[in-house]
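Quick look at query_7.txt (compact mmCIF, C-alpha atoms and all ligand atoms):
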# COMPACT_ATOMS: atom_id res chain seq x y z
CA MET A 23 -2.73 -19.22 15.45
CA SER A 24 -4.95 -22.23 14.88
CA ASN A 25 -6.49 -20.92 11.71
CA PRO A 26 -4.16 -21.98 8.89
CA LEU A 27 -5.57 -19.32 6.58
CA SER A 28 -4.66 -16.55 8.96
CA ILE A 29 -1.11 -15.79 7.96
CA PRO A 30 0.88 -12.69 8.84
CA TYR A 31 2.48 -11.58 5.63
CA GLN A 32 5.54 -9.37 5.29
CA THR A 33 6.51 -7.81 2.01
CA GLY A 34 10.21 -7.75 1.39
CA ASN A 35 12.38 -4.77 0.49
CA SER A 36 10.37 -2.09 2.20
CA GLU A 37 13.30 0.25 2.79
CA PHE A 38 13.75 3.33 0.69
CA GLY A 39 17.49 2.85 0.74
CA GLU A 40 20.59 3.67 -1.25
CA ASP A 41 20.56 0.39 -3.08
CA ASP A 42 17.86 1.49 -5.45
CA VAL A 43 17.56 -0.74 -8.44
CA VAL A 44 16.09 2.05 -10.55
CA ASP A 45 18.02 3.34 -13.52
CA ALA A 46 17.10 5.63 -16.37
CA VAL A 47 16.51 2.75 -18.76
CA SER A 48 14.27 0.62 -16.54
CA THR A 49 11.86 3.33 -15.42
CA PRO A 50 9.27 5.32 -17.36
CA VAL A 51 9.71 8.10 -14.77
CA ASP A 52 11.51 11.24 -16.00
CA LEU A 53 14.51 11.16 -13.66
CA GLU A 54 16.18 14.22 -15.21
CA ARG A 55 13.12 16.32 -14.62
CA ILE A 56 12.89 15.31 -10.97
CA GLN A 57 16.59 16.10 -10.53
CA ARG A 58 16.11 19.62 -11.90
CA ALA A 59 13.08 20.12 -9.67
CA VAL A 60 14.85 18.92 -6.52
CA ARG A 61 17.74 21.23 -7.27
CA GLU A 62 15.24 24.08 -7.54
CA ILE A 63 13.68 23.12 -4.20
CA LEU A 64 17.09 23.14 -2.51
CA ILE A 65 17.77 26.63 -3.86
CA ALA A 66 14.29 27.78 -2.86
CA ILE A 67 14.71 26.72 0.78
CA GLY A 68 18.01 28.60 0.95
CA GLU A 69 20.43 25.71 0.50
CA ASP A 70 23.44 25.47 -1.76
CA PRO A 71 22.80 22.49 -4.06
CA ASP A 72 26.47 22.54 -5.08
CA ARG A 73 27.88 21.88 -1.65
CA GLU A 74 29.44 18.46 -1.34
CA GLY A 75 26.80 16.81 0.81
CA LEU A 76 23.99 17.74 -1.56
CA LEU A 77 25.67 17.07 -4.91
CA GLU A 78 24.12 13.66 -5.40
CA THR A 79 20.87 14.38 -3.62
CA PRO A 80 18.77 15.30 -6.70
CA GLY A 81 19.76 12.09 -8.48
CA ARG A 82 19.14 10.04 -5.36
CA VAL A 83 15.70 11.57 -4.81
CA ALA A 84 14.82 11.01 -8.47
CA ARG A 85 15.65 7.30 -8.24
CA MET A 86 13.76 7.03 -4.95
CA TYR A 87 10.66 8.63 -6.48
CA ALA A 88 10.82 6.25 -9.42
CA GLU A 89 10.86 3.40 -6.92
CA VAL A 90 8.19 4.58 -4.50
CA PHE A 91 5.81 5.73 -7.25
CA LYS A 92 6.29 2.80 -9.56
CA GLY A 93 2.74 1.61 -8.89
CA LEU A 94 1.60 4.35 -11.30
CA HIS A 95 3.02 2.29 -14.12
CA GLU A 96 1.67 -1.04 -13.01
CA ASP A 97 -1.77 -2.60 -13.48
CA PRO A 98 -2.80 -3.83 -10.00
CA ALA A 99 -5.45 -6.10 -11.52
CA SER A 100 -2.74 -8.10 -13.29
CA HIS A 101 -1.89 -9.75 -9.95
CA LEU A 102 -5.39 -11.16 -9.64
CA ARG A 103 -5.70 -12.69 -13.10
CA LYS A 104 -4.21 -16.03 -12.12
CA VAL A 105 -6.96 -17.62 -10.07
CA PHE A 106 -7.73 -21.14 -8.97
CA THR A 107 -11.18 -22.55 -9.33
CA GLN A 108 -12.17 -24.04 -6.03
CA LYS A 109 -15.41 -24.75 -4.27
CA TYR A 110 -14.03 -23.21 -1.08
CA ASP A 111 -16.43 -20.53 0.07
CA GLU A 112 -15.25 -19.84 3.60
CA MET A 113 -13.51 -16.65 4.58
CA VAL A 114 -9.86 -16.22 3.60
CA ILE A 115 -7.97 -13.68 5.66
CA VAL A 116 -4.45 -12.29 5.29
CA ARG A 117 -3.38 -10.13 8.18
CA ASP A 118 -0.53 -7.75 8.94
CA ILE A 119 0.51 -6.96 5.38
CA GLN A 120 3.08 -4.19 5.69
CA PHE A 121 2.73 -1.39 3.20
CA GLU A 122 4.33 1.95 2.40
CA SER A 123 2.57 4.73 0.57
CA PHE A 124 2.86 8.49 0.05
CA CYS A 125 0.14 10.91 1.05
CA GLU A 126 -0.84 12.94 -1.96
CA HIS A 127 -1.28 16.10 0.07
CA HIS A 128 2.30 16.40 1.32
CA LEU A 129 4.25 13.72 -0.59
CA LEU A 130 5.30 12.29 2.76
CA PRO A 131 5.16 8.58 3.57
CA PHE A 132 2.45 6.86 5.50
CA THR A 133 3.20 3.32 6.53
CA GLY A 134 1.37 0.60 8.32
CA LYS A 135 -0.44 -2.69 8.06
CA ALA A 136 -3.31 -3.91 5.96
CA HIS A 137 -5.67 -6.76 6.75
CA VAL A 138 -7.60 -8.25 3.87
CA ALA A 139 -10.40 -10.80 4.03
CA TYR A 140 -12.54 -12.17 1.27
CA ILE A 141 -15.19 -14.79 0.78
CA PRO A 142 -14.63 -16.47 -2.58
CA ASN A 143 -17.27 -17.39 -5.05
CA GLY A 144 -15.40 -20.20 -6.80
CA LYS A 145 -12.29 -18.11 -7.58
CA VAL A 146 -9.36 -18.21 -5.18
CA VAL A 147 -6.12 -16.29 -5.59
CA GLY A 148 -2.62 -17.15 -4.34
CA LEU A 149 -2.04 -15.50 -0.95
CA SER A 150 1.15 -13.81 -2.12
CA LYS A 151 -0.84 -11.88 -4.73
CA ILE A 152 -2.76 -9.79 -2.21
CA PRO A 153 0.34 -7.94 -0.90
CA ARG A 154 1.31 -7.28 -4.54
CA VAL A 155 -2.06 -5.69 -5.22
CA ILE A 156 -1.64 -3.48 -2.18
CA ASP A 157 1.88 -2.56 -3.25
CA ALA A 158 0.78 -1.59 -6.75
CA LEU A 159 -1.99 0.63 -5.38
CA ALA A 160 0.11 2.04 -2.52
CA ARG A 161 3.16 3.05 -4.54
CA ARG A 162 1.72 6.23 -5.94
CA PRO A 163 0.50 9.50 -4.44
CA GLN A 164 -2.43 8.26 -2.36
CA LEU A 165 -4.98 8.83 0.34
CA GLN A 166 -5.40 6.07 2.89
CA GLU A 167 -9.19 6.16 2.50
CA LYS A 168 -8.95 5.76 -1.27
CA LEU A 169 -6.25 3.09 -1.03
CA THR A 170 -8.47 1.04 1.27
CA GLU A 171 -11.45 1.34 -1.07
CA ASP A 172 -9.41 0.65 -4.19
CA VAL A 173 -8.06 -2.61 -2.73
CA ALA A 174 -11.58 -3.72 -1.76
CA ASP A 175 -13.14 -2.79 -5.11
CA LEU A 176 -10.41 -4.45 -7.12
CA MET A 177 -10.64 -7.71 -5.13
CA MET A 178 -14.41 -7.66 -5.39
CA ASN A 179 -14.45 -7.07 -9.15
CA GLU A 180 -11.57 -9.25 -10.25
CA LEU A 181 -12.45 -12.25 -8.08
CA ASP A 182 -16.25 -11.92 -8.28
CA ALA A 183 -16.04 -12.48 -4.54
CA GLN A 184 -19.10 -12.83 -2.34
CA GLY A 185 -17.61 -10.30 0.01
CA VAL A 186 -14.42 -8.38 0.79
CA ALA A 187 -13.20 -6.55 3.89
CA VAL A 188 -10.10 -4.38 4.00
CA VAL A 189 -8.83 -2.63 7.14
CA MET A 190 -5.72 -0.46 7.04
CA GLU A 191 -3.94 1.15 9.96
CA ALA A 192 -1.12 3.56 9.26
CA SER A 193 1.00 6.26 10.77
CA HIS A 194 1.27 9.40 8.66
CA SER A 195 4.54 11.33 8.55
CA CYS A 196 2.64 14.49 7.71
CA MET A 197 1.00 14.18 11.13
CA THR A 198 4.05 13.08 13.09
CA ILE A 199 6.83 15.34 11.78
CA ARG A 200 4.89 18.57 11.29
CA GLY A 201 1.66 20.30 12.23
CA VAL A 202 0.10 18.68 15.27
CA HIS A 203 3.07 16.31 15.89
CA LYS A 204 0.93 13.43 16.99
CA GLN A 205 3.63 10.83 17.52
CA GLY A 206 2.34 7.31 17.74
CA SER A 207 -1.14 8.07 16.48
CA SER A 208 -2.47 5.92 13.73
CA MET A 209 -5.32 6.23 11.32
CA VAL A 210 -7.63 3.30 10.71
CA THR A 211 -9.75 2.96 7.58
CA SER A 212 -12.01 0.17 6.44
CA ALA A 213 -13.89 -0.82 3.32
CA LEU A 214 -16.51 -3.54 3.34
CA ARG A 215 -18.09 -4.98 0.21
CA GLY A 216 -20.72 -7.59 -0.67
CA ILE A 217 -21.89 -9.83 2.16
CA CYS A 218 -19.11 -8.49 4.40
CA LYS A 219 -21.08 -5.27 4.32
CA ASP A 220 -24.67 -6.42 3.93
CA LYS A 221 -24.90 -9.49 6.16
CA PRO A 222 -24.61 -8.45 9.82
CA ALA A 223 -23.30 -11.83 11.04
CA THR A 224 -20.60 -11.96 8.36
CA ARG A 225 -19.66 -8.36 8.99
CA ALA A 226 -19.27 -9.01 12.73
CA GLU A 227 -17.26 -12.17 12.08
CA VAL A 228 -14.84 -10.60 9.63
CA LEU A 229 -14.21 -7.55 11.79
CA ALA A 230 -13.67 -9.71 14.88
CA LEU A 231 -11.13 -11.82 12.98
CA ILE A 232 -9.30 -8.77 11.68
CA MET A 233 -9.34 -6.87 14.95
CA GLY A 234 -8.27 -10.01 16.80
CA SER A 235 -4.90 -9.62 15.09
CA ARG A 236 -4.16 -6.32 16.78
CA ASN A 237 -1.43 -5.94 19.42
ZN ZN A 301 -0.40 14.38 4.32

Take the structure I supplied and represent it as structure tokens, if you would.
Amino acid sequence: MSNPLSIPYQTGNSEFGEDDVVDAVSTPVDLERIQRAVREILIAIGEDPDREGLLETPGRVARMYAEVFKGLHEDPASHLRKVFTQKYDEMVIVRDIQFESFCEHHLLPFTGKAHVAYIPNGKVVGLSKIPRVIDALARRPQLQEKLTEDVADLMMNELDAQGVAVVMEASHSCMTIRGVHKQGSSMVTSALRGICKDKPATRAEVLALIMGSRN
């Protein structure tokens, strides 16, 4: 860990727990509608939504959905508007950013780590902003491939960066709890932009730095 710019970053509050802060007033999500739908699902699978253990489930699921899909009501670019003008034009890399998202095919979570590198072009952003960008883009029905590309494109466009590299590795619940049951398998996606894509030496360097963080 000699490179001071290589910082493992952990986002806080990653649990989908009981202590949801969402209430009907603070969210644009239609909680009532989700509650009705969840009740319907319980009936459809052959459950009794009125038994004691399930009574509060629709409300709980509604608040959880408001929380985990709140990125839909957030502008991810807003986190990149506060930039610092600096002549620094070496690679900046933030590794091991934990993220949680929901696959849009099954509405099941996929969770993992993102590694983001960029080469500024006079505009530098606070390191804590990058996990916020990922969060805003992850907290919606997503595909890992699209999420990876969206993060790269947004960084590239908002920062006018010389190059951006994003690598995401995640485990998908829809693979581990159903279907092929591939426990422990992870999916790796990458998106390279600018000189991180076009200049072979830069591309090799950025991927080596990112992959060096594994294990
Ligand atoms: Zn899926």

Quick one: of A:Leu76, A:Ile199, A:Leu53, A:Leu94, who's nearest to ligand ZN 301 (chain A), counting all atoms listed in the file?
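Among the listed residues, the smallest separation from ligand ZN 301 (chain A) belongs to A:Ile199.
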
With all atoms listed in the file as the basis for distance, which of A:Arg161, A:Lys221, A:His128, A:Lys145 is at the shortest distance from ligand ZN 301 (chain A)?
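Residue with the minimum atom-to-atom distance to ligand ZN 301 (chain A): A:His128.
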
For ligand ZN 301 (chain A), return the neighbouring residues as a PDB file with C-alpha atoms, in the coordinates of the input (distance at most 6 Å; only C-alpha atoms and all ligand atoms).
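Dumped to out-v1.pdb:
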ATOM      1  CA  CYS A 125       0.140  10.910   1.050  1.00  0.00           C
ATOM      2  CA  HIS A 127      -1.280  16.100   0.070  1.00  0.00           C
ATOM      3  CA  HIS A 128       2.300  16.400   1.320  1.00  0.00           C
ATOM      4  CA  CYS A 196       2.640  14.490   7.710  1.00  0.00           C
TER       5      CYS A 196
END

As a check of understanding: the span from atom CA of Leu214 of chain A to atom CA of Val188 of chain A is 6.5 Å

To one decimal in Å, tell me the separation between atom CA of Tyr140 of chain A and atom CA of Ala192 of chain A.
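Pair atom CA of Tyr140 of chain A / atom CA of Ala192 of chain A returns 21.0 Å.
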
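For the choices A:Ser193, A:Gln184, A:Asn179, A:Ser100, the atom-to-atom distance to Phe124 of chain A is smallest for A:Ser193 when using all atoms listed in the file.
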
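If all atoms listed in the file are the atoms counted, then among A:Ser150, A:Asp182, A:Pro131, A:Glu227 the closest residue to Met197 of chain A is A:Pro131.
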
Suppose you want the space between atom CA of Val173 of chain A and atom CA of Thr49 of chain A; what is it in Å?
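It comes out at 24.4 Å.
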
Please produce segment 216-232 of chain A, completed to N, CA and C atoms, as a CSV table (one decimal), in the frame of the given file.
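Below is the file part-v9.csv, written as the result:
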chain,number,residue,atom,x,y,z
A,216,GLY,N,-19.9,-6.4,-0.5
A,216,GLY,CA,-20.7,-7.6,-0.7
A,216,GLY,C,-21.3,-8.0,0.7
A,217,ILE,N,-21.3,-9.3,0.9
A,217,ILE,CA,-21.9,-9.8,2.2
A,217,ILE,C,-21.1,-9.4,3.4
A,218,CYS,N,-19.8,-9.0,3.2
A,218,CYS,CA,-19.1,-8.5,4.4
A,218,CYS,C,-19.7,-7.2,4.8
A,219,LYS,N,-20.4,-6.5,4.0
A,219,LYS,CA,-21.1,-5.3,4.3
A,219,LYS,C,-22.6,-5.5,4.7
A,220,ASP,N,-23.2,-6.3,3.9
A,220,ASP,CA,-24.7,-6.4,3.9
A,220,ASP,C,-25.2,-7.4,4.9
A,221,LYS,N,-24.4,-8.5,5.3
A,221,LYS,CA,-24.9,-9.5,6.2
A,221,LYS,C,-24.3,-9.3,7.5
A,222,PRO,N,-25.1,-8.8,8.5
A,222,PRO,CA,-24.6,-8.4,9.8
A,222,PRO,C,-23.7,-9.5,10.5
A,223,ALA,N,-24.1,-10.8,10.4
A,223,ALA,CA,-23.3,-11.8,11.0
A,223,ALA,C,-21.9,-11.9,10.4
A,224,THR,N,-21.9,-11.9,9.1
A,224,THR,CA,-20.6,-12.0,8.4
A,224,THR,C,-19.7,-10.7,8.7
A,225,ARG,N,-20.4,-9.6,8.7
A,225,ARG,CA,-19.7,-8.4,9.0
A,225,ARG,C,-19.0,-8.4,10.4
A,226,ALA,N,-19.8,-8.9,11.4
A,226,ALA,CA,-19.3,-9.0,12.7
A,226,ALA,C,-18.1,-10.0,12.8
A,227,GLU,N,-18.3,-11.1,12.1
A,227,GLU,CA,-17.3,-12.2,12.1
A,227,GLU,C,-16.0,-11.7,11.5
A,228,VAL,N,-16.1,-11.0,10.3
A,228,VAL,CA,-14.8,-10.6,9.6
A,228,VAL,C,-14.1,-9.5,10.4
A,229,LEU,N,-14.9,-8.6,11.0
A,229,LEU,CA,-14.2,-7.6,11.8
A,229,LEU,C,-13.6,-8.1,13.1
A,230,ALA,N,-14.2,-9.1,13.7
A,230,ALA,CA,-13.7,-9.7,14.9
A,230,ALA,C,-12.4,-10.4,14.5
A,231,LEU,N,-12.3,-11.1,13.4
A,231,LEU,CA,-11.1,-11.8,13.0
A,231,LEU,C,-10.0,-10.8,12.7
A,232,ILE,N,-10.3,-9.8,12.0
A,232,ILE,CA,-9.3,-8.8,11.7
A,232,ILE,C,-8.8,-8.0,12.9
